[in-house]
Amino acid sequence: MSDQSQPIDFLGAYCPLPLTHSDQIVLGHGSGGRLTHDLVERVFAAHLSNPLLDQGDDGVGLPILDPEFELVVSTDSHIVSPIFFPGGDIGKLAVCGTVNDVSVMGAKPLYLTAGFILEEGLQVEVLEYLVKSMAIAAKEAGVAIVAGDTKVVERGKGDGVFINTSGIGVRPKSLRISGRNVKIGDQIILSGPIGEHGVAVLQARGELGFTSEIRSDVVPLNHMIANALEVGRQSEENAIHAMRDPTRGGLATTLNESARQSNVGIVVEEAAIPILETVSSVCEMLGFDPLYMANEGKCVFFVDRKYTDSVLRVIRSHEYGSCAAVIGEVVAQHPQKVLLRTTMGSTRLLDMLSGEMLPRIC
Amino acid sequence: MESKLRSGFREPKLVQAKIRQIEKIVTRPWAIMEICGGQTHAIKKFGLDQLLPPQIEFIHGPGCPVCVTSLELVDKALEIASMPNVIFTSYGDMLRVPGSNGDLFTVKANGGDVRVVYSPLDTLKIAQENPQKEVVFFAIGFETTAPANAMCILQAQTLKIDNFSMLVSHVCVPPAIRAILSSPSNRVQGFLAAGHVCTVMGYWEYLPIAQEYRIPIVVTGFEPLDILEGVYRVVRQLEMGTFEVENAYSRLVTYEGNISAQKVIHQVFEVCDRKWRGIGVIPQSGWKLRPEFVKYDAESRFDIQSITTQESSICISGLVLQGLKKPYECAAFGTLCTPQNPLGATMVSSEGACAAYYHYSRNIDVPNVNHV
């Protein structure tokens, strides 16, 4: 509504610069253009920088292997809600989850790739926190994040952030570690108490109406596993026949998968399974069974019984395995089935989880 | 590593001692019904049926609220939950119960807003946060869940929450016991009454039943020792030929029950005939909202009155719920009918008899198993 009698003051005019959107994710951050580059520089490269990642090409060249070794590859998409929970966050989970998957194959994890799907509106501060968290976990595990990708989806089409990580590791060809390699007579070692991650995430959703000190057990297990794998290597024997990390579906599901893969029977002693009292109480109250709750920092070892004591000693000497216990054994009877000897002295089937675990009515 | 709250009731030595006590007094076979699905679950989970002498047979009663909710009502729930302006809330284990056409998970996958709540009061919060939506709670259960559901209605009234209603499917234990005992094919000789139901209602209602049908009834808890104590007392009475009501769960249950809870129930609900899935209509066996609360009744709020349904012809859940068949006697058990693909409600809920057998004792030969 300028006054027409006055000359226009062009010195006061300005051209509005595009917003930098440095605080919040917008669709443009996934465009591949300047916003994407800014985000990569400021958030990803700043925390994950290493010579391989810094090349900035469409892919990454990795050094060729010693022919005595083979590659192990694993991939996992992480969609945990909420993205922060007691004891961790989706960033730490994305690194540890894949590091552990590669490690239980008997491999030394070396490299990770990370694909981010960000929801429009996510605070960049939050993203940066998660990336830092990934950097810390990767440093502890001794792996480098060597390639990455970012996409942005419209608000309402994501849950803040989803992270896919793929992991590459190497293992000696002589090491035959596989879920198919469980042997009759093996003893089963569990590296620590179960159910903490599952309960911590439930609690973080704020639906329980109470809180507790339970924290997710999410940690990288590769160093502990590497130490355990050393047992028996001097005599060129594999003390450990198989390893599994009991994540979704919990210990019960993992044991069932192993029994099926190797066509063996498994018997576990209920009294020997380490469970924190708070975890079992919370589960009891909600009608959940800790045997089916997710773990992110536990490993199940199937061990040649002449090495059980040595392997157990090595695992227990590591901070992430201090509560490790022998929980059962592999038998020829009832192939593909897992039986639980209850504390009462009875024996029952320990089944796989069917569908989603649902809180009971009463 | 057991919780202090319950470790004493799972102490293996005490369990063994109680079993020996039962072995000493039992002289012939007895068929005992545990009413509550929670007890069925515990019996199978702890393998108590293996530990007891072979003369004791458990008949698994109809006390799983998820299992006995009628197909018509499940179908009504599915229809309401599919409506575009509705947020449908439910206890978790109801989501997997099959209706004629899918379950609440299917509705959710097709875009319905279906949410799991841990308390009916959570639903009121959702209603307050979504004033433009109709928020409906699936109010199922026995006498145990009725007080909280009734309280929820009163709370909605006080807070003037008008976008809230309940699809009510409340059922009561004593009429079901009478129905079972009146059946010409009844085999039940003694009852373990459900401890949690009696915590609310007391056990005075069971006195006339015990006298009329000359059958011992023992109010029983849910931990292994609780259940064994209930079995011990029922067997003791059966062997002596008495038919009293005993309370083996006195740490929670009194003769008159929780009077305030009963007052709230009767303020909001009134007795009605109710159809039980697999059994049929049992007269005066349910609760519905009193007329003054009709505006909170989802059945009258939504136009869904005329649904009729057809149960699977293979499923024998009705016979299982009445204790006439064991789950493994069904041709479909573990083959056509599994927890992933349940044909009847007894396979759905973790407390259903078929699901308990499926999870804990399917296809295994355990030494000394009596009843599998």
# chains A, B, ... in the order shown; residues from 1 in each chain; ligands from 1

$ select_by_dssp --residues "region 46-293 of chain B" --states "strand (DSSP E)" --output "MDAnalysis selection string"
chainID B and resid 56:63 86:90 113:116 134:141 164:171 190:194 217:220 245:247 269:276 280:289

$ closest_atom_pairs --of "chain B" --to "chain A" --cutoff "8 Å" --atoms "only C-alpha atoms" --output "JSON lines"
{"residue": "B:Met1", "atom": "CA", "partner": "A:Glu277", "partner_atom": "CA", "distance": 6.1}
{"residue": "B:Glu2", "atom": "CA", "partner": "A:Glu277", "partner_atom": "CA", "distance": 6.0}
{"residue": "B:Ser3", "atom": "CA", "partner": "A:Glu277", "partner_atom": "CA", "distance": 5.4}
{"residue": "B:Arg10", "atom": "CA", "partner": "A:Met344", "partner_atom": "CA", "distance": 7.3}
{"residue": "B:Glu11", "atom": "CA", "partner": "A:Met344", "partner_atom": "CA", "distance": 7.5}
{"residue": "B:Pro12", "atom": "CA", "partner": "A:Met344", "partner_atom": "CA", "distance": 4.9}
{"residue": "B:Val15", "atom": "CA", "partner": "A:Met344", "partner_atom": "CA", "distance": 6.9}
{"residue": "B:Gln16", "atom": "CA", "partner": "A:Met344", "partner_atom": "CA", "distance": 7.8}
{"residue": "B:Lys44", "atom": "CA", "partner": "A:Arg348", "partner_atom": "CA", "distance": 7.8}
{"residue": "B:Lys45", "atom": "CA", "partner": "A:Arg348", "partner_atom": "CA", "distance": 7.1}
{"residue": "B:Phe46", "atom": "CA", "partner": "A:Thr342", "partner_atom": "CA", "distance": 6.2}
{"residue": "B:Gly47", "atom": "CA", "partner": "A:Ser346", "partner_atom": "CA", "distance": 5.2}
{"residue": "B:Leu48", "atom": "CA", "partner": "A:Ser346", "partner_atom": "CA", "distance": 7.1}
{"residue": "B:Gln50", "atom": "CA", "partner": "A:Ser346", "partner_atom": "CA", "distance": 6.4}
{"residue": "B:Leu51", "atom": "CA", "partner": "A:Ser346", "partner_atom": "CA", "distance": 6.5}
{"residue": "B:Tyr91", "atom": "CA", "partner": "A:Ile361", "partner_atom": "CA", "distance": 5.6}
{"residue": "B:Gly92", "atom": "CA", "partner": "A:Leu358", "partner_atom": "CA", "distance": 4.9}
{"residue": "B:Asp93", "atom": "CA", "partner": "A:Leu358", "partner_atom": "CA", "distance": 5.4}
{"residue": "B:Val117", "atom": "CA", "partner": "A:Glu207", "partner_atom": "CA", "distance": 7.8}
{"residue": "B:Tyr118", "atom": "CA", "partner": "A:Leu208", "partner_atom": "CA", "distance": 7.2}
{"residue": "B:Gly141", "atom": "CA", "partner": "A:Ile361", "partner_atom": "CA", "distance": 7.8}
{"residue": "B:Thr144", "atom": "CA", "partner": "A:Cys362", "partner_atom": "CA", "distance": 7.5}
{"residue": "B:Thr145", "atom": "CA", "partner": "A:Cys362", "partner_atom": "CA", "distance": 7.4}
{"residue": "B:Pro339", "atom": "CA", "partner": "A:Ser354", "partner_atom": "CA", "distance": 6.6}
{"residue": "B:Gln340", "atom": "CA", "partner": "A:Ser354", "partner_atom": "CA", "distance": 6.1}
{"residue": "B:Ser350", "atom": "CA", "partner": "A:Arg360", "partner_atom": "CA", "distance": 7.9}
{"residue": "B:His359", "atom": "CA", "partner": "A:Asp351", "partner_atom": "CA", "distance": 5.6}
{"residue": "B:Tyr360", "atom": "CA", "partner": "A:Leu349", "partner_atom": "CA", "distance": 4.5}
{"residue": "B:Ser361", "atom": "CA", "partner": "A:Leu349", "partner_atom": "CA", "distance": 5.3}
{"residue": "B:Arg362", "atom": "CA", "partner": "A:Leu349", "partner_atom": "CA", "distance": 7.1}
{"residue": "B:Ile364", "atom": "CA", "partner": "A:His334", "partner_atom": "CA", "distance": 7.3}
{"residue": "B:Val366", "atom": "CA", "partner": "A:Thr347", "partner_atom": "CA", "distance": 6.8}

$ select_by_dssp --residues "region 42-258 of chain A" --states "alpha helix (DSSP H)" --output "number ranges by chain"
A: 46-48, 51-54, 90-103, 124-141, 196-204, 222-230, 250-258

$ atom_distance --atom1 "CA of Tyr292 (chain A)" --atom2 "CA of Val107 (chain B)"
25.6 Å

$ atom_distance --atom1 "CA of Ser100 (chain B)" --atom2 "CA of Arg301 (chain B)"
22.0 Å

$ closest_residue --among "B:Glu246, B:Lys326, B:Pro65, B:Asn186" --to "Leu207 (chain B)" --atoms "only C-alpha atoms"
B:Glu246

$ residues_around --residues "region 39-47 of chain A" --least-positions-apart "3" --cutoff "6 Å" --atoms "only C-alpha atoms" --output "list in words"
Thr36, Glu128 and Lys132 of chain A

$ write_last_selection --atoms "N, CA and C atoms" --output "PDB file, in the first residue's frame"
ATOM      1  N   THR A  36      21.241 -31.648   0.254  1.00  0.00           N
ATOM      2  CA  THR A  36      21.769 -32.975   0.570  1.00  0.00           C
ATOM      3  C   THR A  36      23.258 -32.889   0.877  1.00  0.00           C
ATOM      4  N   GLU A 128      21.967 -35.386  14.191  1.00  0.00           N
ATOM      5  CA  GLU A 128      23.383 -35.277  14.513  1.00  0.00           C
ATOM      6  C   GLU A 128      23.708 -36.095  15.762  1.00  0.00           C
ATOM      7  N   LYS A 132      26.404 -39.107  15.856  1.00  0.00           N
ATOM      8  CA  LYS A 132      27.486 -39.163  16.850  1.00  0.00           C
ATOM      9  C   LYS A 132      27.450 -40.494  17.583  1.00  0.00           C
TER      10      LYS A 132
END

$ atom_distance --atom1 "CA of Ile316 (chain B)" --atom2 "CA of Cys354 (chain B)"
10.2 Å

$ residues_around --residues "Ala139 (chain B)" --least-positions-apart "5" --cutoff "9 Å" --atoms "only C-alpha atoms" --output "tab-separated table (two decimals) with all heavy atoms, in the first residue's frame"
chain	number	residue	atom	x	y	z
B	90	SER	N	-8.34	-51.74	22.32
B	90	SER	CA	-8.61	-53.08	22.83
B	90	SER	C	-7.41	-53.56	23.63
B	90	SER	O	-6.30	-53.08	23.46
B	90	SER	CB	-8.85	-54.02	21.65
B	90	SER	OG	-8.84	-55.36	22.09
B	91	TYR	N	-7.66	-54.52	24.53
B	91	TYR	CA	-6.55	-55.25	25.13
B	91	TYR	C	-5.86	-56.02	24.01
B	91	TYR	O	-6.50	-56.46	23.05
B	91	TYR	CB	-7.04	-56.22	26.19
B	91	TYR	CG	-7.63	-55.56	27.40
B	91	TYR	CD1	-8.94	-55.82	27.79
B	91	TYR	CD2	-6.88	-54.67	28.17
B	91	TYR	CE1	-9.48	-55.21	28.92
B	91	TYR	CE2	-7.42	-54.06	29.28
B	91	TYR	CZ	-8.72	-54.34	29.66
B	91	TYR	OH	-9.26	-53.74	30.76
B	120	PRO	N	-8.59	-49.40	30.36
B	120	PRO	CA	-9.65	-48.68	29.65
B	120	PRO	C	-9.53	-47.17	29.82
B	120	PRO	O	-9.96	-46.41	28.96
B	120	PRO	CB	-10.93	-49.21	30.30
B	120	PRO	CG	-10.51	-49.90	31.55
B	120	PRO	CD	-9.11	-50.35	31.34
B	145	THR	N	-12.30	-57.66	35.03
B	145	THR	CA	-12.07	-56.40	34.30
B	145	THR	C	-13.27	-55.46	34.42
B	145	THR	O	-13.17	-54.29	34.06
B	145	THR	CB	-11.82	-56.67	32.79
B	145	THR	OG1	-12.88	-57.49	32.30
B	145	THR	CG2	-10.50	-57.36	32.56
B	146	ALA	N	-14.38	-55.98	34.93
B	146	ALA	CA	-15.61	-55.17	34.98
B	146	ALA	C	-15.48	-53.90	35.82
B	146	ALA	O	-15.96	-52.84	35.40
B	146	ALA	CB	-16.78	-56.03	35.46
B	149	ASN	N	-13.72	-51.18	33.86
B	149	ASN	CA	-14.53	-50.74	32.73
B	149	ASN	C	-15.70	-49.88	33.19
B	149	ASN	O	-16.03	-48.86	32.57
B	149	ASN	CB	-15.03	-51.95	31.94
B	149	ASN	CG	-13.89	-52.66	31.21
B	149	ASN	OD1	-12.78	-52.14	31.14
B	149	ASN	ND2	-14.15	-53.85	30.70
B	166	MET	N	-18.34	-47.95	24.44
B	166	MET	CA	-17.79	-49.28	24.71
B	166	MET	C	-18.59	-50.34	23.98
B	166	MET	O	-19.82	-50.28	23.96
B	166	MET	CB	-17.92	-49.60	26.20
B	166	MET	CG	-16.74	-49.26	27.03
B	166	MET	SD	-17.04	-49.84	28.71
B	166	MET	CE	-15.65	-49.07	29.52
B	167	LEU	N	-17.87	-51.31	23.42
B	167	LEU	CA	-18.52	-52.49	22.89
B	167	LEU	C	-18.41	-53.54	24.01
B	167	LEU	O	-17.33	-54.06	24.28
B	167	LEU	CB	-17.81	-52.95	21.62
B	167	LEU	CG	-18.41	-54.14	20.88
B	167	LEU	CD1	-19.85	-53.87	20.47
B	167	LEU	CD2	-17.57	-54.47	19.65
B	168	VAL	N	-19.53	-53.79	24.68
B	168	VAL	CA	-19.47	-54.56	25.93
B	168	VAL	C	-19.73	-56.03	25.68
B	168	VAL	O	-20.70	-56.41	25.03
B	168	VAL	CB	-20.50	-54.01	26.95
B	168	VAL	CG1	-20.45	-54.84	28.24
B	168	VAL	CG2	-20.22	-52.55	27.24
B	169	SER	N	-18.83	-56.86	26.23
B	169	SER	CA	-19.01	-58.31	26.16
B	169	SER	C	-18.64	-58.94	27.49
B	169	SER	O	-17.83	-59.85	27.55
B	169	SER	CB	-18.15	-58.88	25.05
B	169	SER	OG	-18.20	-60.29	25.06
B	170	HIS	N	-19.22	-58.44	28.57
B	170	HIS	CA	-18.85	-58.98	29.87
B	170	HIS	C	-19.55	-60.31	30.14
B	170	HIS	O	-20.71	-60.48	29.80
B	170	HIS	CB	-19.17	-57.98	30.98
B	170	HIS	CG	-18.02	-57.08	31.25
B	170	HIS	ND1	-16.84	-57.56	31.75
B	170	HIS	CD2	-17.85	-55.76	31.06
B	170	HIS	CE1	-15.99	-56.56	31.86
B	170	HIS	NE2	-16.56	-55.46	31.44

$ closest_residue --among "A:Leu48, A:Ile25, A:Ala324, A:Val218" --to "Ile90 (chain A)" --atoms "only C-alpha atoms"
A:Val218

$ residues_around --residues "Glu292 (chain B)" --least-positions-apart "6" --cutoff "12 Å" --atoms "only C-alpha atoms" --output "PyMOL selection string"
chain B and resi 153-154+157+267-270

$ closest_residue --among "A:Gly148, A:Gly106, A:Gly198, A:Gly121" --to "Gln55 (chain A)" --atoms "only C-alpha atoms"
A:Gly148

$ closest_residue --among "B:Ile32, B:Ala332, B:Val66, B:Ala355" --to "Gln237 (chain B)" --atoms "only C-alpha atoms"
B:Ile32

$ residues_around --residues "Val182 (chain A)" --least-positions-apart "2" --cutoff "8 Å" --atoms "only C-alpha atoms" --output "PyMOL selection string"
chain A and resi 178-180+184+186+241-242+258-259+262+264+302+330

$ decode --residues "region 74-97 of chain A" --atoms "N, CA and C atoms" --output "PDB file, in the first residue's frame"
ATOM      1  N   SER A  74      26.251 -58.902   5.954  1.00  0.00           N
ATOM      2  CA  SER A  74      24.941 -58.956   6.599  1.00  0.00           C
ATOM      3  C   SER A  74      24.287 -57.586   6.486  1.00  0.00           C
ATOM      4  N   THR A  75      22.971 -57.555   6.452  1.00  0.00           N
ATOM      5  CA  THR A  75      22.283 -56.260   6.402  1.00  0.00           C
ATOM      6  C   THR A  75      21.072 -56.273   7.312  1.00  0.00           C
ATOM      7  N   ASP A  76      20.724 -55.106   7.831  1.00  0.00           N
ATOM      8  CA  ASP A  76      19.640 -55.024   8.802  1.00  0.00           C
ATOM      9  C   ASP A  76      19.036 -53.616   8.757  1.00  0.00           C
ATOM     10  N   SER A  77      17.722 -53.542   8.722  1.00  0.00           N
ATOM     11  CA  SER A  77      17.056 -52.236   8.758  1.00  0.00           C
ATOM     12  C   SER A  77      16.494 -51.998  10.150  1.00  0.00           C
ATOM     13  N   HIS A  78      16.715 -50.805  10.649  1.00  0.00           N
ATOM     14  CA  HIS A  78      16.326 -50.516  12.034  1.00  0.00           C
ATOM     15  C   HIS A  78      15.201 -49.482  12.040  1.00  0.00           C
ATOM     16  N   ILE A  79      14.097 -49.864  12.678  1.00  0.00           N
ATOM     17  CA  ILE A  79      12.899 -49.008  12.631  1.00  0.00           C
ATOM     18  C   ILE A  79      12.331 -48.824  14.033  1.00  0.00           C
ATOM     19  N   VAL A  80      13.215 -48.866  15.048  1.00  0.00           N
ATOM     20  CA  VAL A  80      12.708 -48.867  16.424  1.00  0.00           C
ATOM     21  C   VAL A  80      11.944 -47.577  16.745  1.00  0.00           C
ATOM     22  N   SER A  81      10.867 -47.730  17.474  1.00  0.00           N
ATOM     23  CA  SER A  81      10.082 -46.587  17.918  1.00  0.00           C
ATOM     24  C   SER A  81       9.851 -46.715  19.408  1.00  0.00           C
ATOM     25  N   PRO A  82      10.228 -45.734  20.212  1.00  0.00           N
ATOM     26  CA  PRO A  82      10.830 -44.455  19.855  1.00  0.00           C
ATOM     27  C   PRO A  82      12.316 -44.602  19.505  1.00  0.00           C
ATOM     28  N   ILE A  83      12.875 -43.532  18.903  1.00  0.00           N
ATOM     29  CA  ILE A  83      14.263 -43.639  18.455  1.00  0.00           C
ATOM     30  C   ILE A  83      15.253 -43.476  19.613  1.00  0.00           C
ATOM     31  N   PHE A  84      14.782 -42.946  20.743  1.00  0.00           N
ATOM     32  CA  PHE A  84      15.620 -42.925  21.952  1.00  0.00           C
ATOM     33  C   PHE A  84      14.970 -43.814  22.998  1.00  0.00           C
ATOM     34  N   PHE A  85      15.766 -44.612  23.676  1.00  0.00           N
ATOM     35  CA  PHE A  85      15.247 -45.466  24.739  1.00  0.00           C
ATOM     36  C   PHE A  85      16.335 -45.607  25.796  1.00  0.00           C
ATOM     37  N   PRO A  86      15.981 -46.006  27.018  1.00  0.00           N
ATOM     38  CA  PRO A  86      17.008 -46.100  28.056  1.00  0.00           C
ATOM     39  C   PRO A  86      18.126 -47.049  27.621  1.00  0.00           C
ATOM     40  N   GLY A  87      19.349 -46.551  27.646  1.00  0.00           N
ATOM     41  CA  GLY A  87      20.490 -47.396  27.301  1.00  0.00           C
ATOM     42  C   GLY A  87      20.929 -47.265  25.856  1.00  0.00           C
ATOM     43  N   GLY A  88      20.194 -46.529  25.028  1.00  0.00           N
ATOM     44  CA  GLY A  88      20.632 -46.428  23.637  1.00  0.00           C
ATOM     45  C   GLY A  88      19.705 -45.611  22.766  1.00  0.00           C
ATOM     46  N   ASP A  89      19.938 -45.707  21.468  1.00  0.00           N
ATOM     47  CA  ASP A  89      19.115 -45.012  20.488  1.00  0.00           C
ATOM     48  C   ASP A  89      19.257 -45.764  19.169  1.00  0.00           C
ATOM     49  N   ILE A  90      18.492 -45.342  18.172  1.00  0.00           N
ATOM     50  CA  ILE A  90      18.461 -46.080  16.903  1.00  0.00           C
ATOM     51  C   ILE A  90      19.829 -46.067  16.203  1.00  0.00           C
ATOM     52  N   GLY A  91      20.632 -45.035  16.464  1.00  0.00           N
ATOM     53  CA  GLY A  91      21.960 -44.961  15.851  1.00  0.00           C
ATOM     54  C   GLY A  91      22.879 -46.051  16.386  1.00  0.00           C
ATOM     55  N   LYS A  92      22.952 -46.122  17.719  1.00  0.00           N
ATOM     56  CA  LYS A  92      23.783 -47.144  18.355  1.00  0.00           C
ATOM     57  C   LYS A  92      23.292 -48.536  17.953  1.00  0.00           C
ATOM     58  N   LEU A  93      21.960 -48.681  17.937  1.00  0.00           N
ATOM     59  CA  LEU A  93      21.358 -49.973  17.589  1.00  0.00           C
ATOM     60  C   LEU A  93      21.735 -50.385  16.164  1.00  0.00           C
ATOM     61  N   ALA A  94      21.724 -49.404  15.250  1.00  0.00           N
ATOM     62  CA  ALA A  94      21.986 -49.708  13.847  1.00  0.00           C
ATOM     63  C   ALA A  94      23.417 -50.208  13.651  1.00  0.00           C
ATOM     64  N   VAL A  95      24.352 -49.654  14.436  1.00  0.00           N
ATOM     65  CA  VAL A  95      25.744 -50.119  14.333  1.00  0.00           C
ATOM     66  C   VAL A  95      25.897 -51.474  15.028  1.00  0.00           C
ATOM     67  N   CYS A  96      25.427 -51.551  16.283  1.00  0.00           N
ATOM     68  CA  CYS A  96      25.638 -52.784  17.067  1.00  0.00           C
ATOM     69  C   CYS A  96      24.914 -53.968  16.430  1.00  0.00           C
ATOM     70  N   GLY A  97      23.693 -53.730  15.949  1.00  0.00           N
ATOM     71  CA  GLY A  97      22.907 -54.825  15.382  1.00  0.00           C
ATOM     72  C   GLY A  97      23.650 -55.518  14.257  1.00  0.00           C
TER      73      GLY A  97
END
